[in-house]
Every structure is written in C-alpha cells, then in structure tokens.
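Structure first, commentary second.
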Amino acid sequence: QYVVEGDSAIPGRDFEAVDGFIELEDGVTEALIPVKVLARGRYNTQLTFRVTISSITPASGATFDPTTDGGAESCIATVHIMPDKLQVERVDKIVSTLRHNWDKAKIGNDSWKEQFKAALYVNGGDGDDDEGDEEPPSILDWVMHIVTLPWKLLFAFCPPTDYCGGWLCFLCSLMMIGLVTTIIGDMANLFGCVIPSMENEITAITLVALGTSLPDTFASKAAAEQDPHA
C-alpha cells in the first residue's frame, strides 16, 4: 500500500494526493507510482512531498530495508519539486531589465523636475550657490527672464533624453519648433498686413528670417559659452 502526503508542498495546490496498492508479479523488481505535479509559479522555491509505502502482505515474503527512511515498518521517499532553471533565468533577465528601466525612469523624472526649476529661476540658477563664484543676475537678465518665462515653461514640458532612448525628446522638440515657426510666420504675416507698403518678400527676408534664425544663433552662443571646451 502506498500514500502520497504533503510536506512543504500542499496537496491540491502543488500536487494531486493519491493512494493505492502495488502488486508485483514474480520476477518484477520495480513499479511506478504516478503523481501529478500541478503547474504553478515556483520561482526560486523548492517544495517537497513524501511517498510512503507500508503494509506489505506477509505471504509475499517481502521486507523493508531498516536502514532507509521509514525503518523496518515502511519506506518513505522524499520528492523535491525544483523550479525550471531556464524559467528562473528568464525571470531574472526580465526583472533586471525592468529594474534598469525603472532606474532610468527615476533619473528622467528628476531631470524633468530640474527643467522646470531651471525655467523658473533667472539664468537657470536658484541663487543658493554656496561657493559664491557666480555673479548675481543683471537687470538685463531679469528683463529677458520675464519676457521669455512663458516660453521657458512651455519648452520645459519637452521630456528629457532619458525616456525612450531620446526619441521622445526628439519628436517633442520637432513639434515645438514647428509650433514656434508657425506662430512666427503668422505674426509676420499679420505685421505685413498692418503696413501696406511692406511686401510679402520683404517680410520673409526680414521678420521671418530673424524670428527663425536669430533664436538659433542665441542658442548656439549660449551653448558655446557654457561648454568649457568650446
């Protein structure tokens, strides 16, 4: 007679508990006891259950080995349910990828927050520099900051390069540049309509050219000044 009992594995959740009898014909030295292990997530978890054989028919003349588990009265086999190594490696790889992406997202969120802080302060600084090496903003810096503050806040919504490998920042930048170019073109067209003597060609080579090229010139100048190796 055999019976399957749970240990750290729970019957009905990890395996199907069964019991029954084994009959061995003459000359047969082994038999199989089928136990169905149920599908379940077992990441890095080892479970065990026991198969106990007992109550040998006296007429058979068979005996138990007293040196094994169960002694002379029974025979106990401990079965270990091990997780699939390939599945464990896949889960570890997915977790590592998610953790890496989460760390990048945290860095991106901090960078995005710093963009808004830099847009609110004059020259991008909060004035709490302990070293005291930076000069205080001039009147011109304050005037330009007040004039450009709405644009600074608008472009602060452009996500940092930490998201999607920088493609999200690239696409948002293109859309914002297109928006600014459209506004400049419409404003120049309205200004040309106000002045009757100004032709469309004059408007294009003066106001539109200044409105689209001059900001790029100032941006390049600022980038060159802030780069110590420029």
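Convention: chains lettered A, B, ... in structure tokens order; per-chain residue numbering from 1; ligands numbered from 1 as shown.
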Mind checking which residues fall within 12 Å of Asn189 in chain A, counting only C-alpha atoms, ignoring those fewer than 6 positions away in the same chain, and posting them as a PyMOL selection string? chain A and resi 182-183+195-196+198-204+206-208
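Residues with any atom within 8 Å of Asn123 in chain A, counting only C-alpha atoms and excluding same-chain neighbours fewer than 2 positions away, are A:Ala118, A:Tyr121, A:Gly125, A:Pro137, A:Asp141, A:His145.
Distance-wise, CA of Thr181 in chain A and CA of Lys152 in chain A end up 16.0 Å apart.
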So that I can see what lies close to Ala39 in chain A, please list as a list in words the residues with an atom at most 10 Å from it, counting only C-alpha atoms and leaving out residues fewer than 4 positions away in the same chain.
Arg13, Asp14 and Phe15 of chain A
Open item on the list: Would you pick out the contacts of range 172-177 of chain A at 9 Å or less, using only C-alpha atoms, so that residues sharing its chain but fewer than 5 positions from it are not included, and give the list as a PyMOL selection string?
Closed with: chain A and resi 154-155+157-159+167+182
Can those selected residues be exported to a file as an mmCIF file, in the first residue's frame so that it contains N, CA and C atoms?
data_model
loop_
_atom_site.group_PDB
_atom_site.id
_atom_site.type_symbol
_atom_site.label_atom_id
_atom_site.label_comp_id
_atom_site.auth_asym_id
_atom_site.auth_seq_id
_atom_site.Cartn_x
_atom_site.Cartn_y
_atom_site.Cartn_z
ATOM 1 N N LEU A 154 6.913 76.524 -21.392
ATOM 2 C CA LEU A 154 6.363 75.695 -22.462
ATOM 3 C C LEU A 154 7.359 74.615 -22.884
ATOM 4 N N PHE A 155 8.598 75.026 -23.108
ATOM 5 C CA PHE A 155 9.595 74.066 -23.572
ATOM 6 C C PHE A 155 10.102 73.168 -22.450
ATOM 7 N N PHE A 157 8.192 71.348 -20.850
ATOM 8 C CA PHE A 157 7.381 70.138 -20.994
ATOM 9 C C PHE A 157 8.016 69.131 -21.944
ATOM 10 N N CYS A 158 9.040 69.521 -22.667
ATOM 11 C CA CYS A 158 9.745 68.587 -23.538
ATOM 12 C C CYS A 158 10.480 67.571 -22.662
ATOM 13 N N PRO A 159 10.198 66.279 -22.792
ATOM 14 C CA PRO A 159 10.786 65.276 -21.879
ATOM 15 C C PRO A 159 12.291 65.173 -22.058
ATOM 16 N N TRP A 167 14.287 59.465 -28.230
ATOM 17 C CA TRP A 167 13.384 59.683 -29.371
ATOM 18 C C TRP A 167 12.172 60.518 -28.984
ATOM 19 N N THR A 182 5.372 78.270 -36.856
ATOM 20 C CA THR A 182 4.030 78.648 -37.322
ATOM 21 C C THR A 182 3.584 79.973 -36.701
#
| message | With DSSP run on the backbone, what are the strand (DSSP E) residues within range 1-227 of chain A? I'd like them as a count of residues only. | response | 23
Next on the checklist: So that I can see what lies close to Asp19 in chain A, please list as a count of residues only the residues with an atom at most 8 Å from it, counting only C-alpha atoms and leaving out residues fewer than 2 positions away in the same chain.
Outcome noted: 6
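Among the candidates A:Leu153, A:Val28, A:Met82, A:Ile22, the residue lying nearest to Arg40 in chain A is A:Met82 (atoms considered: only C-alpha atoms).
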With only C-alpha atoms as the basis for distance, which of A:Cys169, A:Ile81, A:Val180, A:Ile94 is at the shortest distance from Leu38 in chain A?
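Closest to Leu38 in chain A, using only C-alpha atoms: A:Ile81.
Between Lys117 in chain A and the residues A:Ala223, A:Met187, A:Val51, A:Ala156, the shortest atom-to-atom distance, using only C-alpha atoms, involves A:Ala156.
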TODO: Extract, using only C-alpha atoms, all DNA, RNA and protein residues at most 12 Å from Pro66 in chain A, discarding same-chain residues fewer than 6 positions from it, and format them as a PyMOL selection string.
DONE: chain A and resi 72-76
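Closest approach to Asp26 in chain A from the set A:Gly185, A:Ala62, A:Lys113, A:Gly70 is made by A:Ala62, with distances taken over only C-alpha atoms.
Atom pair CA of Cys164 in chain A / CA of Arg99 in chain A has a distance of 15.2 Å (rounded to one decimal).
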Using backbone DSSP assignments, extract all alpha helix (DSSP H) residues from range 30-212 of chain A; output them as a PyMOL selection string.
chain A and resi 85-120+139-155+167-194+200-203+209-212
Check your understanding: CA of Ala219 in chain A and CA of Leu171 in chain A, how far apart in Å?
Key ->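 Here the two named atoms are 19.0 Å from each other.
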Using only C-alpha atoms, the best pick from A:Ala224, A:Pro11, A:Leu120, A:Glu25 as closest to Phe49 in chain A would be A:Pro11
